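All remarks here apply to the structure that follows.
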Amino acid sequence: MDGLRRDFLIEDLQAVASEAGVTGAILVECERTVDETLWLSTIANGSDLICGVVGWAPLTSSNTVSELERIASLPKMKAVRHPIHDEMDEQFVLREDFNFGIAALKQFGLRFDILIFERHLPQTIQFVDRHPNQVFILDHVAKPRIRDRALSPWKENLTELARRQNIYCKLSGLVTEANWHTWSGEDLRPYMEAALEAFTPKRMMFGSDWPLVTLASSYGQWSRTVRAWISRLSPTEREWVLSRTAIEAYGLDTSR
């Protein structure tokens, strides 16, 4: 983990994105503070590489609505995320105060990134059903137990979740759920296949999970792994996975 204990700045992102042939990216919260969200928006506003920001907001506080109004006004702000998988309460997504905060997102045009472990999928299905008009993006394919080579019940629950048309899926975070030192594309294939079958290319988007991906892979290696896996798809389907799904899900400005 020592390699992650430093600042990663826009120059670092520009370097790895250029190597991977990536021309547009979305910054995603990590520190879970409004200050970081403000900083991310400032960075994004000064960079043509950054198309949008997924920030953090206090969704369970008494001032949730006013904070969301402030955050939504920031440059390139597209969504918020809360690390549900770090909450001690396994039923956190069903809490009334949290759902009040989620219900407020729609009025400010903000999406919500869902960050969970596999075990949270059943309650997440109930959660998404409470907000049929809210756009959701599932991060890291709900972190399946790849090290254990376990497909069930992750696959069945993911397929059920994908039946909700208001949720997209980010193909990311898989290498860090596999063995960091010995993973291969073949290890990941059953999970990528299941996710693609569930969501289809029109609701599946490439995600780097950089810099956390560097625990098990470089940005470029992960990009090449995904590109090799989707090479069997049609050109239009590959375009959805690599750009169009993200543009649609996050409402990105493509005129830049």
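Quick note on naming: the chains in the structure tokens go A, B, ... in the order shown, residues restart at 1 in each chain, and ligands are numbered from 1 in order of appearance.
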
Those of stretch 8-249 of chain A in DSSP alpha helix (DSSP H), formatted as a PyMOL selection string: chain A and resi 10-20+34-45+64-72+96-105+121-129+154-162+185-199+219-229+235-239+245-249

Stretch 112-202 of chain A: residues DSSP assigns to strand (DSSP E), reported as a VMD selection string: chain A and resid 112 to 114 136 to 138 167 to 171

Just write the chosen residues, all heavy atoms, as a JSON list (two decimals), in the first residue's frame.
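Below is the file again.json, written as the result:
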```json
[["chain", "number", "residue", "atom", "x", "y", "z"],
["A", 112, "PHE", "N", -25.86, 9.14, -8.76],
["A", 112, "PHE", "CA", -25.26, 8.56, -7.57],
["A", 112, "PHE", "C", -24.46, 7.32, -7.93],
["A", 112, "PHE", "O", -24.98, 6.40, -8.56],
["A", 112, "PHE", "CB", -26.33, 8.20, -6.53],
["A", 112, "PHE", "CG", -25.73, 7.70, -5.23],
["A", 112, "PHE", "CD1", -25.14, 8.59, -4.35],
["A", 112, "PHE", "CD2", -25.75, 6.35, -4.91],
["A", 112, "PHE", "CE1", -24.57, 8.14, -3.16],
["A", 112, "PHE", "CE2", -25.19, 5.90, -3.72],
["A", 112, "PHE", "CZ", -24.60, 6.79, -2.84],
["A", 113, "ASP", "N", -23.18, 7.31, -7.52],
["A", 113, "ASP", "CA", -22.33, 6.14, -7.70],
["A", 113, "ASP", "C", -22.49, 5.22, -6.51],
["A", 113, "ASP", "O", -22.34, 5.65, -5.35],
["A", 113, "ASP", "CB", -20.87, 6.55, -7.83],
["A", 113, "ASP", "CG", -20.46, 6.84, -9.26],
["A", 113, "ASP", "OD1", -21.24, 7.48, -9.98],
["A", 113, "ASP", "OD2", -19.35, 6.43, -9.64],
["A", 114, "ILE", "N", -22.77, 3.94, -6.76],
["A", 114, "ILE", "CA", -22.98, 2.94, -5.71],
["A", 114, "ILE", "C", -21.69, 2.15, -5.50],
["A", 114, "ILE", "O", -21.23, 1.46, -6.40],
["A", 114, "ILE", "CB", -24.13, 1.99, -6.07],
["A", 114, "ILE", "CG1", -25.44, 2.77, -6.23],
["A", 114, "ILE", "CG2", -24.27, 0.90, -5.02],
["A", 114, "ILE", "CD1", -26.60, 1.91, -6.70],
["A", 136, "PHE", "N", -28.32, 5.77, -11.36],
["A", 136, "PHE", "CA", -27.29, 5.16, -10.53],
["A", 136, "PHE", "C", -26.19, 4.58, -11.41],
["A", 136, "PHE", "O", -26.44, 4.11, -12.51],
["A", 136, "PHE", "CB", -27.88, 4.01, -9.69],
["A", 136, "PHE", "CG", -28.87, 4.44, -8.65],
["A", 136, "PHE", "CD1", -30.23, 4.27, -8.86],
["A", 136, "PHE", "CD2", -28.45, 5.01, -7.45],
["A", 136, "PHE", "CE1", -31.16, 4.64, -7.90],
["A", 136, "PHE", "CE2", -29.37, 5.40, -6.49],
["A", 136, "PHE", "CZ", -30.73, 5.22, -6.71],
["A", 137, "ILE", "N", -24.96, 4.60, -10.88],
["A", 137, "ILE", "CA", -23.84, 3.94, -11.52],
["A", 137, "ILE", "C", -23.22, 3.00, -10.49],
["A", 137, "ILE", "O", -22.77, 3.44, -9.43],
["A", 137, "ILE", "CB", -22.77, 4.93, -12.03],
["A", 137, "ILE", "CG1", -23.35, 5.83, -13.15],
["A", 137, "ILE", "CG2", -21.55, 4.19, -12.56],
["A", 137, "ILE", "CD1", -23.91, 7.14, -12.68],
["A", 138, "LEU", "N", -23.20, 1.71, -10.81],
["A", 138, "LEU", "CA", -22.62, 0.71, -9.91],
["A", 138, "LEU", "C", -21.13, 0.65, -10.14],
["A", 138, "LEU", "O", -20.67, 0.32, -11.24],
["A", 138, "LEU", "CB", -23.26, -0.65, -10.17],
["A", 138, "LEU", "CG", -22.73, -1.83, -9.35],
["A", 138, "LEU", "CD1", -23.06, -1.66, -7.87],
["A", 138, "LEU", "CD2", -23.29, -3.15, -9.87],
["A", 167, "ILE", "N", -29.98, 1.99, -13.83],
["A", 167, "ILE", "CA", -28.66, 1.76, -13.27],
["A", 167, "ILE", "C", -27.69, 1.30, -14.34],
["A", 167, "ILE", "O", -28.01, 0.46, -15.19],
["A", 167, "ILE", "CB", -28.70, 0.76, -12.10],
["A", 167, "ILE", "CG1", -27.32, 0.63, -11.44],
["A", 167, "ILE", "CG2", -29.24, -0.60, -12.52],
["A", 167, "ILE", "CD1", -27.35, -0.06, -10.09],
["A", 168, "TYR", "N", -26.50, 1.91, -14.31],
["A", 168, "TYR", "CA", -25.41, 1.56, -15.21],
["A", 168, "TYR", "C", -24.33, 0.84, -14.39],
["A", 168, "TYR", "O", -24.35, 0.87, -13.17],
["A", 168, "TYR", "CB", -24.80, 2.81, -15.84],
["A", 168, "TYR", "CG", -25.75, 3.60, -16.71],
["A", 168, "TYR", "CD1", -26.65, 4.50, -16.15],
["A", 168, "TYR", "CD2", -25.74, 3.46, -18.10],
["A", 168, "TYR", "CE1", -27.52, 5.24, -16.94],
["A", 168, "TYR", "CE2", -26.60, 4.19, -18.91],
["A", 168, "TYR", "CZ", -27.49, 5.08, -18.32],
["A", 168, "TYR", "OH", -28.35, 5.80, -19.11],
["A", 169, "CYS", "N", -23.38, 0.23, -15.09],
["A", 169, "CYS", "CA", -22.33, -0.53, -14.40],
["A", 169, "CYS", "C", -20.95, -0.11, -14.89],
["A", 169, "CYS", "O", -20.73, 0.01, -16.10],
["A", 169, "CYS", "CB", -22.53, -2.03, -14.63],
["A", 169, "CYS", "SG", -21.36, -3.07, -13.73],
["A", 170, "LYS", "N", -20.05, 0.11, -13.95],
["A", 170, "LYS", "CA", -18.69, 0.50, -14.28],
["A", 170, "LYS", "C", -17.79, -0.74, -14.22],
["A", 170, "LYS", "O", -17.68, -1.39, -13.18],
["A", 170, "LYS", "CB", -18.20, 1.56, -13.29],
["A", 170, "LYS", "CG", -16.99, 2.34, -13.74],
["A", 170, "LYS", "CD", -16.65, 3.43, -12.73],
["A", 170, "LYS", "CE", -17.70, 4.52, -12.69],
["A", 170, "LYS", "NZ", -17.33, 5.61, -11.76],
["A", 171, "LEU", "N", -17.15, -1.06, -15.34],
["A", 171, "LEU", "CA", -16.25, -2.20, -15.42],
["A", 171, "LEU", "C", -14.89, -1.76, -14.89],
["A", 171, "LEU", "O", -14.06, -1.22, -15.63],
["A", 171, "LEU", "CB", -16.15, -2.69, -16.86],
["A", 171, "LEU", "CG", -15.38, -3.99, -17.11],
["A", 171, "LEU", "CD1", -16.02, -5.16, -16.37],
["A", 171, "LEU", "CD2", -15.29, -4.28, -18.59]]
```

For stretch 164-166 of chain A: contacts at 6 Å, only C-alpha atoms, fewer than 2 positions along chain excluded, given as a count of residues only: 3

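As for atom CA of A:Asp187 and atom CA of A:Ser217, they are spaced 14.1 Å apart.
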
Pick from A:Glu29, A:Asp86, A:Arg81, A:Gly185 nearest to A:Trp222, counting only C-alpha atoms: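 The answer is A:Gly185, which sits nearest to A:Trp222.
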
Residues near A:Val141, cut-off 12 Å, only C-alpha atoms, skip fewer than 3 positions along chain, as a VMD selection string: chain A and resid 113 to 118 120 to 121 137 to 138 144 to 146 154 to 155 157 to 159 161 to 162 167 to 175 177 188 191 to 196 198 to 199 203 to 207 209

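Each of A:Trp56, A:Trp210, A:Phe100, A:Phe92 was compared to A:Leu40 using only C-alpha atoms, and A:Trp56 turns out to be the nearest.
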
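Taking atom CA of A:Ser255 as the reference point, atom CA of A:Leu74 is found at 18.8 Å.
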
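The coordinates place atom CA of A:Pro201 at 7.4 Å from atom CA of A:Arg238.
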